[in-house]
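**Student:** See final_4.pdb below, with PDB, C-alpha atoms.
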ATOM      1  CA  MET A   1      46.731   2.380  18.651
ATOM      2  CA  ILE A   2      43.953   0.012  17.541
ATOM      3  CA  ASN A   3      41.778  -1.375  20.323
ATOM      4  CA  ARG A   4      41.419  -5.068  19.388
ATOM      5  CA  LYS A   5      38.421  -5.491  21.723
ATOM      6  CA  LYS A   6      36.414  -2.995  19.677
ATOM      7  CA  THR A   7      37.294  -4.220  16.204
ATOM      8  CA  HIS A   8      35.472  -6.880  14.251
ATOM      9  CA  PHE A   9      36.513  -8.543  11.041
ATOM     10  CA  SER A  10      33.783  -9.629   8.670
ATOM     11  CA  SER A  11      34.066 -11.094   5.220
ATOM     12  CA  ASN A  12      31.659 -10.971   2.317
ATOM     13  CA  VAL A  13      30.636 -14.531   3.178
ATOM     14  CA  ASP A  14      28.670 -13.401   6.237
ATOM     15  CA  ASN A  15      25.557 -11.316   6.466
ATOM     16  CA  VAL A  16      26.304  -8.390   8.729
ATOM     17  CA  LEU A  17      23.730  -7.144  11.216
ATOM     18  CA  VAL A  18      24.125  -3.458  12.057
ATOM     19  CA  THR A  19      21.581  -1.754  14.347
ATOM     20  CA  GLY A  20      18.890  -4.246  13.372
ATOM     21  CA  ILE A  21      19.436  -3.935   9.630
ATOM     22  CA  ARG A  22      20.937  -6.914   7.828
ATOM     23  CA  ILE A  23      23.439  -6.152   5.070
ATOM     24  CA  LYS A  24      23.464  -9.029   2.611
ATOM     25  CA  ARG A  25      26.332 -10.304   0.509
ATOM     26  CA  ASN A  26      25.071  -8.509  -2.576
ATOM     27  CA  GLU A  27      25.134  -5.258  -0.542
ATOM     28  CA  SER A  28      21.347  -4.992  -0.361
ATOM     29  CA  VAL A  29      19.702  -4.376   3.006
ATOM     30  CA  SER A  30      16.901  -6.129   4.824
ATOM     31  CA  LEU A  31      15.590  -6.581   8.340
ATOM     32  CA  SER A  32      16.392  -9.549  10.523
ATOM     33  CA  THR A  33      14.312 -12.691  10.153
ATOM     34  CA  SER A  34      13.282 -12.526  13.802
ATOM     35  CA  PHE A  35      11.950  -8.958  13.325
ATOM     36  CA  LYS A  36       9.932 -10.050  10.285
ATOM     37  CA  LYS A  37       8.462 -13.094  12.019
ATOM     38  CA  ASP A  38       7.592 -11.102  15.134
ATOM     39  CA  LEU A  39       5.930  -8.360  13.098
ATOM     40  CA  LYS A  40       3.928 -10.873  11.063
ATOM     41  CA  THR A  41       2.720 -12.589  14.259
ATOM     42  CA  ARG A  42       1.746  -9.301  15.877
ATOM     43  CA  ILE A  43      -0.171  -8.189  12.777
ATOM     44  CA  TYR A  44      -2.003 -11.510  12.601
ATOM     45  CA  HIS A  45      -3.122 -11.199  16.234
ATOM     46  CA  LYS A  46      -4.285  -7.607  15.783
ATOM     47  CA  LEU A  47      -6.243  -8.325  12.611
ATOM     48  CA  ARG A  48      -7.677 -11.595  13.933
ATOM     49  CA  PHE A  49      -8.676 -10.469  17.422
ATOM     50  CA  GLY A  50      -9.104  -6.710  16.883
ATOM     51  CA  SER A  51      -9.728  -4.744  20.057
ATOM     52  CA  ASN A  52      -9.224  -7.873  22.186
ATOM     53  CA  SER A  53      -5.570  -7.888  21.117
ATOM     54  CA  ALA A  54      -2.949  -6.266  23.320
ATOM     55  CA  GLU A  55      -1.190  -4.913  20.232
ATOM     56  CA  ASN A  56      -1.354  -1.207  19.485
ATOM     57  CA  ALA A  57      -2.452  -0.670  15.875
ATOM     58  CA  SER A  58      -0.533   2.624  15.629
ATOM     59  CA  VAL A  59       2.706   0.910  16.639
ATOM     60  CA  LEU A  60       2.139  -1.864  14.111
ATOM     61  CA  LEU A  61       1.438   0.664  11.376
ATOM     62  CA  GLY A  62       4.684   2.452  12.250
ATOM     63  CA  LEU A  63       6.617  -0.819  12.132
ATOM     64  CA  LEU A  64       5.061  -1.614   8.754
ATOM     65  CA  ASN A  65       6.158   1.779   7.418
ATOM     66  CA  TYR A  66       9.670   1.093   8.743
ATOM     67  CA  LEU A  67       9.612  -2.262   6.948
ATOM     68  CA  LYS A  68       8.438  -0.513   3.773
ATOM     69  CA  MET A  69      11.462   1.815   3.866
ATOM     70  CA  ILE A  70      13.934  -1.049   4.274
ATOM     71  CA  ASP A  71      12.418  -4.055   2.470
ATOM     72  CA  ILE A  72       9.591  -3.160   0.078
ATOM     73  CA  HIS A  73       9.304  -6.735  -1.236
ATOM     74  CA  TYR A  74       8.536  -8.194   2.194
ATOM     75  CA  PHE A  75       6.163  -5.296   2.894
ATOM     76  CA  ASN A  76       4.216  -6.160  -0.281
ATOM     77  CA  LYS A  77       4.228  -9.830   0.711
ATOM     78  CA  ILE A  78       2.649  -9.047   4.102
ATOM     79  CA  ASN A  79       0.061  -6.739   2.531
ATOM     80  CA  ALA A  80      -0.889  -9.468   0.053
ATOM     81  CA  LYS A  81      -1.037 -12.150   2.744
ATOM     82  CA  TYR A  82      -3.405 -10.192   4.984
ATOM     83  CA  LEU A  83      -5.641  -8.848   2.229
ATOM     84  CA  SER A  84      -9.183  -8.648   3.613
ATOM     85  CA  GLU A  85     -12.317  -9.990   1.959
ATOM     86  CA  ASP A  86     -13.326  -6.478   0.925
ATOM     87  CA  GLY A  87      -9.909  -5.837  -0.683
ATOM     88  CA  LEU A  88      -8.271  -3.795   2.067
ATOM     89  CA  THR A  89      -4.532  -4.152   2.535
ATOM     90  CA  CYS A  90      -3.000  -4.774   5.921
ATOM     91  CA  CYS A  91      -2.150  -1.073   6.343
ATOM     92  CA  GLU A  92      -5.672   0.008   5.425
ATOM     93  CA  GLN A  93      -7.136  -2.457   7.921
ATOM     94  CA  LEU A  94      -4.872  -1.123  10.676
ATOM     95  CA  LYS A  95      -5.861   2.453   9.817
ATOM     96  CA  ARG A  96      -9.523   1.422  10.085
ATOM     97  CA  ILE A  97      -8.851  -0.154  13.500
ATOM     98  CA  ILE A  98      -7.101   3.032  14.668
ATOM     99  CA  ALA A  99     -10.075   5.159  13.547
ATOM    100  CA  THR A 100     -12.503   2.801  15.296
ATOM    101  CA  GLU A 101     -10.478   2.899  18.528
ATOM    102  CA  LYS A 102     -10.397   6.724  18.394
ATOM    103  CA  GLN A 103     -14.186   6.844  17.968
ATOM    104  CA  LYS A 104     -14.678   4.562  20.971
ATOM    105  CA  LYS A 105     -12.470   6.797  23.121
ATOM    106  CA  THR A 106     -14.426   9.927  22.214
ATOM    107  CA  VAL A 107     -17.803   8.332  22.907
TER     108      VAL A 107
END
Could you quickly redo this structure as structure tokens?
**Tutor:**
Amino acid sequence: MINRKKTHFSSNVDNVLVTGIRIKRNESVSLSTSFKKDLKTRIYHKLRFGSNSAENASVLLGLLNYLKMIDIHYFNKINAKYLSEDGLTCCEQLKRIIATEKQKKTV
């Protein structure tokens, strides 16, 4: 017997959100808008304030790699937006911050 409390009907008109991944009408996948906005804000704070930021650069790098697996176009957009003056992408800047933080811990 079908448990009506556990079933959900969705049409192709709606975007479906399953475990944080949004399935669009054209059957492509993306991440939720709130996830993208939150990630962009967290990256901005880490790159702007560096070690004074409460954000963990390793976590942000992991989230960026997750974004890259799901939505490569938005990943490229973030990397282009936070391109440094010396030409480093967002990921490269975070890797530099991680290396700097590791050096400070060993000293």
**Student:** Using all atoms listed in the file, can you tell me which of A:Lys5, A:Lys104, A:His73, A:Lys36 comes closest to Ile21 of chain A?
**Tutor:**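 So, comparing all the options, the nearest one is A:Lys36.
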**Student:** I'd like the interatomic distance between atom CA of Gln103 of chain A and atom CA of Phe75 of chain A, to a tenth of an Å.
**Tutor:**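 Between atom CA of Gln103 of chain A and atom CA of Phe75 of chain A the gap works out to 28.1 Å.
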**Student:** Could you work out how far atom CA of Ala54 of chain A lies from atom CA of Cys91 of chain A, giving the answer in Å with one decimal?
**Tutor:** 17.8 Å
**Student:** Between A:Lys46, A:Lys105, A:Lys40, A:Arg25, which has the minimum distance to Lys77 of chain A (counting only C-alpha atoms)?
**Tutor:**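 Smallest separation from Lys77 of chain A among the options: A:Lys40.
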**Student:** At a cut-off of 12 Å from (-4.1, -1.7, 7.9) in the coordinates of the file, what residues are picked up using all atoms listed in the file, written as number ranges by chain?
**Tutor:** A: 43-44, 46-47, 50, 56-65, 75, 78-80, 82-84, 87-99
**Student:** Report the distance between atom CA of Thr7 of chain A and atom CA of Leu31 of chain A in Å, rounded to one decimal place.
**Tutor:**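 Atom CA of Leu31 of chain A lies at a distance of 23.2 Å from atom CA of Thr7 of chain A.
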**Student:** Using only C-alpha atoms, which residue out of A:Tyr66, A:Ile23, A:Lys102, A:Glu55 lies closest to Thr41 of chain A?
**Tutor:**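 Checking each of A:Tyr66, A:Ile23, A:Lys102, A:Glu55 against Thr41 of chain A, counting only C-alpha atoms, the winner is A:Glu55.
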**Student:** Taking all atoms of segment 52-61 of chain A that the file lists and extending 6 Å past them on each side, where is the centre of the axis-aligned box and how long are its edges? Answer in Å to one decimal, as lines of an AutoDock Vina configuration file.
**Tutor:**
center_x = -3.3
center_y = -2.6
center_z = 17.3
size_x = 23.9
size_y = 22.5
size_z = 23.9
**Student:** Let me know the residues the PyMOL selection byres ((chain A and resi 33) around 12) catches in the file above, as a VMD selection string.
**Tutor:** chain A and resid 15 17 20 to 22 30 to 32 34 to 40 67 71 74
**Student:** Only C-alpha atoms needed: put segment 5-86 of chain A from the block into a file as a PDB file, in the first residue's frame.
**Tutor:**
ATOM      1  CA  LYS A   5       2.453  10.993   3.687  1.00  0.00           C
ATOM      2  CA  LYS A   6       5.752   9.940   2.120  1.00  0.00           C
ATOM      3  CA  THR A   7       4.923  10.587  -1.516  1.00  0.00           C
ATOM      4  CA  HIS A   8       5.389  13.839  -3.365  1.00  0.00           C
ATOM      5  CA  PHE A   9       4.157  14.772  -6.794  1.00  0.00           C
ATOM      6  CA  SER A  10       6.266  17.159  -8.821  1.00  0.00           C
ATOM      7  CA  SER A  11       5.811  18.321 -12.366  1.00  0.00           C
ATOM      8  CA  ASN A  12       8.356  19.518 -14.882  1.00  0.00           C
ATOM      9  CA  VAL A  13       7.246  23.074 -14.125  1.00  0.00           C
ATOM     10  CA  ASP A  14       9.006  23.081 -10.749  1.00  0.00           C
ATOM     11  CA  ASN A  15      12.667  22.916  -9.940  1.00  0.00           C
ATOM     12  CA  VAL A  16      13.193  19.992  -7.614  1.00  0.00           C
ATOM     13  CA  LEU A  17      15.616  20.225  -4.708  1.00  0.00           C
ATOM     14  CA  VAL A  18      17.053  16.859  -3.686  1.00  0.00           C
ATOM     15  CA  THR A  19      19.717  16.688  -0.948  1.00  0.00           C
ATOM     16  CA  GLY A  20      20.849  20.233  -1.695  1.00  0.00           C
ATOM     17  CA  ILE A  21      21.135  19.746  -5.447  1.00  0.00           C
ATOM     18  CA  ARG A  22      18.616  21.539  -7.641  1.00  0.00           C
ATOM     19  CA  ILE A  23      17.335  19.634 -10.670  1.00  0.00           C
ATOM     20  CA  LYS A  24      16.213  22.118 -13.295  1.00  0.00           C
ATOM     21  CA  ARG A  25      13.468  21.750 -15.865  1.00  0.00           C
ATOM     22  CA  ASN A  26      15.941  20.926 -18.611  1.00  0.00           C
ATOM     23  CA  GLU A  27      17.247  18.083 -16.392  1.00  0.00           C
ATOM     24  CA  SER A  28      20.545  19.823 -15.657  1.00  0.00           C
ATOM     25  CA  VAL A  29      21.721  20.096 -12.056  1.00  0.00           C
ATOM     26  CA  SER A  30      22.890  23.020  -9.980  1.00  0.00           C
ATOM     27  CA  LEU A  31      23.210  24.028  -6.352  1.00  0.00           C
ATOM     28  CA  SER A  32      20.661  26.108  -4.509  1.00  0.00           C
ATOM     29  CA  THR A  33      20.849  29.879  -4.790  1.00  0.00           C
ATOM     30  CA  SER A  34      21.230  30.212  -1.028  1.00  0.00           C
ATOM     31  CA  PHE A  35      24.267  27.867  -1.071  1.00  0.00           C
ATOM     32  CA  LYS A  36      25.879  29.901  -3.859  1.00  0.00           C
ATOM     33  CA  LYS A  37      25.274  33.236  -2.142  1.00  0.00           C
ATOM     34  CA  ASP A  38      26.547  31.935   1.192  1.00  0.00           C
ATOM     35  CA  LEU A  39      29.681  30.493  -0.397  1.00  0.00           C
ATOM     36  CA  LYS A  40      30.388  33.715  -2.291  1.00  0.00           C
ATOM     37  CA  THR A  41      30.020  35.755   0.922  1.00  0.00           C
ATOM     38  CA  ARG A  42      32.284  33.426   2.880  1.00  0.00           C
ATOM     39  CA  ILE A  43      34.957  33.527   0.166  1.00  0.00           C
ATOM     40  CA  TYR A  44      34.813  37.319   0.030  1.00  0.00           C
ATOM     41  CA  HIS A  45      35.347  37.574   3.798  1.00  0.00           C
ATOM     42  CA  LYS A  46      38.251  35.120   3.759  1.00  0.00           C
ATOM     43  CA  LEU A  47      40.026  36.806   0.858  1.00  0.00           C
ATOM     44  CA  ARG A  48      39.338  40.321   2.147  1.00  0.00           C
ATOM     45  CA  PHE A  49      40.214  39.820   5.810  1.00  0.00           C
ATOM     46  CA  GLY A  50      42.599  36.843   5.592  1.00  0.00           C
ATOM     47  CA  SER A  51      43.643  35.435   8.947  1.00  0.00           C
ATOM     48  CA  ASN A  52      41.270  37.808  10.768  1.00  0.00           C
ATOM     49  CA  SER A  53      38.353  35.938   9.191  1.00  0.00           C
ATOM     50  CA  ALA A  54      36.639  33.152  11.102  1.00  0.00           C
ATOM     51  CA  GLU A  55      36.339  31.134   7.893  1.00  0.00           C
ATOM     52  CA  ASN A  56      38.507  28.068   7.428  1.00  0.00           C
ATOM     53  CA  ALA A  57      40.274  28.241   4.056  1.00  0.00           C
ATOM     54  CA  SER A  58      40.397  24.435   3.761  1.00  0.00           C
ATOM     55  CA  VAL A  59      36.627  24.196   4.181  1.00  0.00           C
ATOM     56  CA  LEU A  60      36.068  26.902   1.580  1.00  0.00           C
ATOM     57  CA  LEU A  61      38.392  25.154  -0.852  1.00  0.00           C
ATOM     58  CA  GLY A  62      36.445  21.924  -0.331  1.00  0.00           C
ATOM     59  CA  LEU A  63      33.147  23.713  -0.942  1.00  0.00           C
ATOM     60  CA  LEU A  64      34.575  25.259  -4.109  1.00  0.00           C
ATOM     61  CA  ASN A  65      35.612  21.814  -5.357  1.00  0.00           C
ATOM     62  CA  TYR A  66      32.094  20.549  -4.595  1.00  0.00           C
ATOM     63  CA  LEU A  67      30.691  23.475  -6.585  1.00  0.00           C
ATOM     64  CA  LYS A  68      33.080  22.646  -9.435  1.00  0.00           C
ATOM     65  CA  MET A  69      31.720  19.083  -9.617  1.00  0.00           C
ATOM     66  CA  ILE A  70      28.097  20.235  -9.760  1.00  0.00           C
ATOM     67  CA  ASP A  71      28.103  23.621 -11.527  1.00  0.00           C
ATOM     68  CA  ILE A  72      31.321  24.368 -13.426  1.00  0.00           C
ATOM     69  CA  HIS A  73      29.922  27.592 -14.923  1.00  0.00           C
ATOM     70  CA  TYR A  74      29.280  29.179 -11.525  1.00  0.00           C
ATOM     71  CA  PHE A  75      32.664  27.928 -10.301  1.00  0.00           C
ATOM     72  CA  ASN A  76      34.355  29.732 -13.217  1.00  0.00           C
ATOM     73  CA  LYS A  77      32.295  32.842 -12.486  1.00  0.00           C
ATOM     74  CA  ILE A  78      33.498  32.938  -8.860  1.00  0.00           C
ATOM     75  CA  ASN A  79      37.114  32.341  -9.888  1.00  0.00           C
ATOM     76  CA  ALA A  80      36.893  35.207 -12.383  1.00  0.00           C
ATOM     77  CA  LYS A  81      35.212  37.528  -9.885  1.00  0.00           C
ATOM     78  CA  TYR A  82      37.866  37.051  -7.204  1.00  0.00           C
ATOM     79  CA  LEU A  83      40.874  37.114  -9.516  1.00  0.00           C
ATOM     80  CA  SER A  84      43.743  38.762  -7.632  1.00  0.00           C
ATOM     81  CA  GLU A  85      45.948  41.567  -8.909  1.00  0.00           C
ATOM     82  CA  ASP A  86      48.772  39.110  -9.550  1.00  0.00           C
TER      83      ASP A  86
END
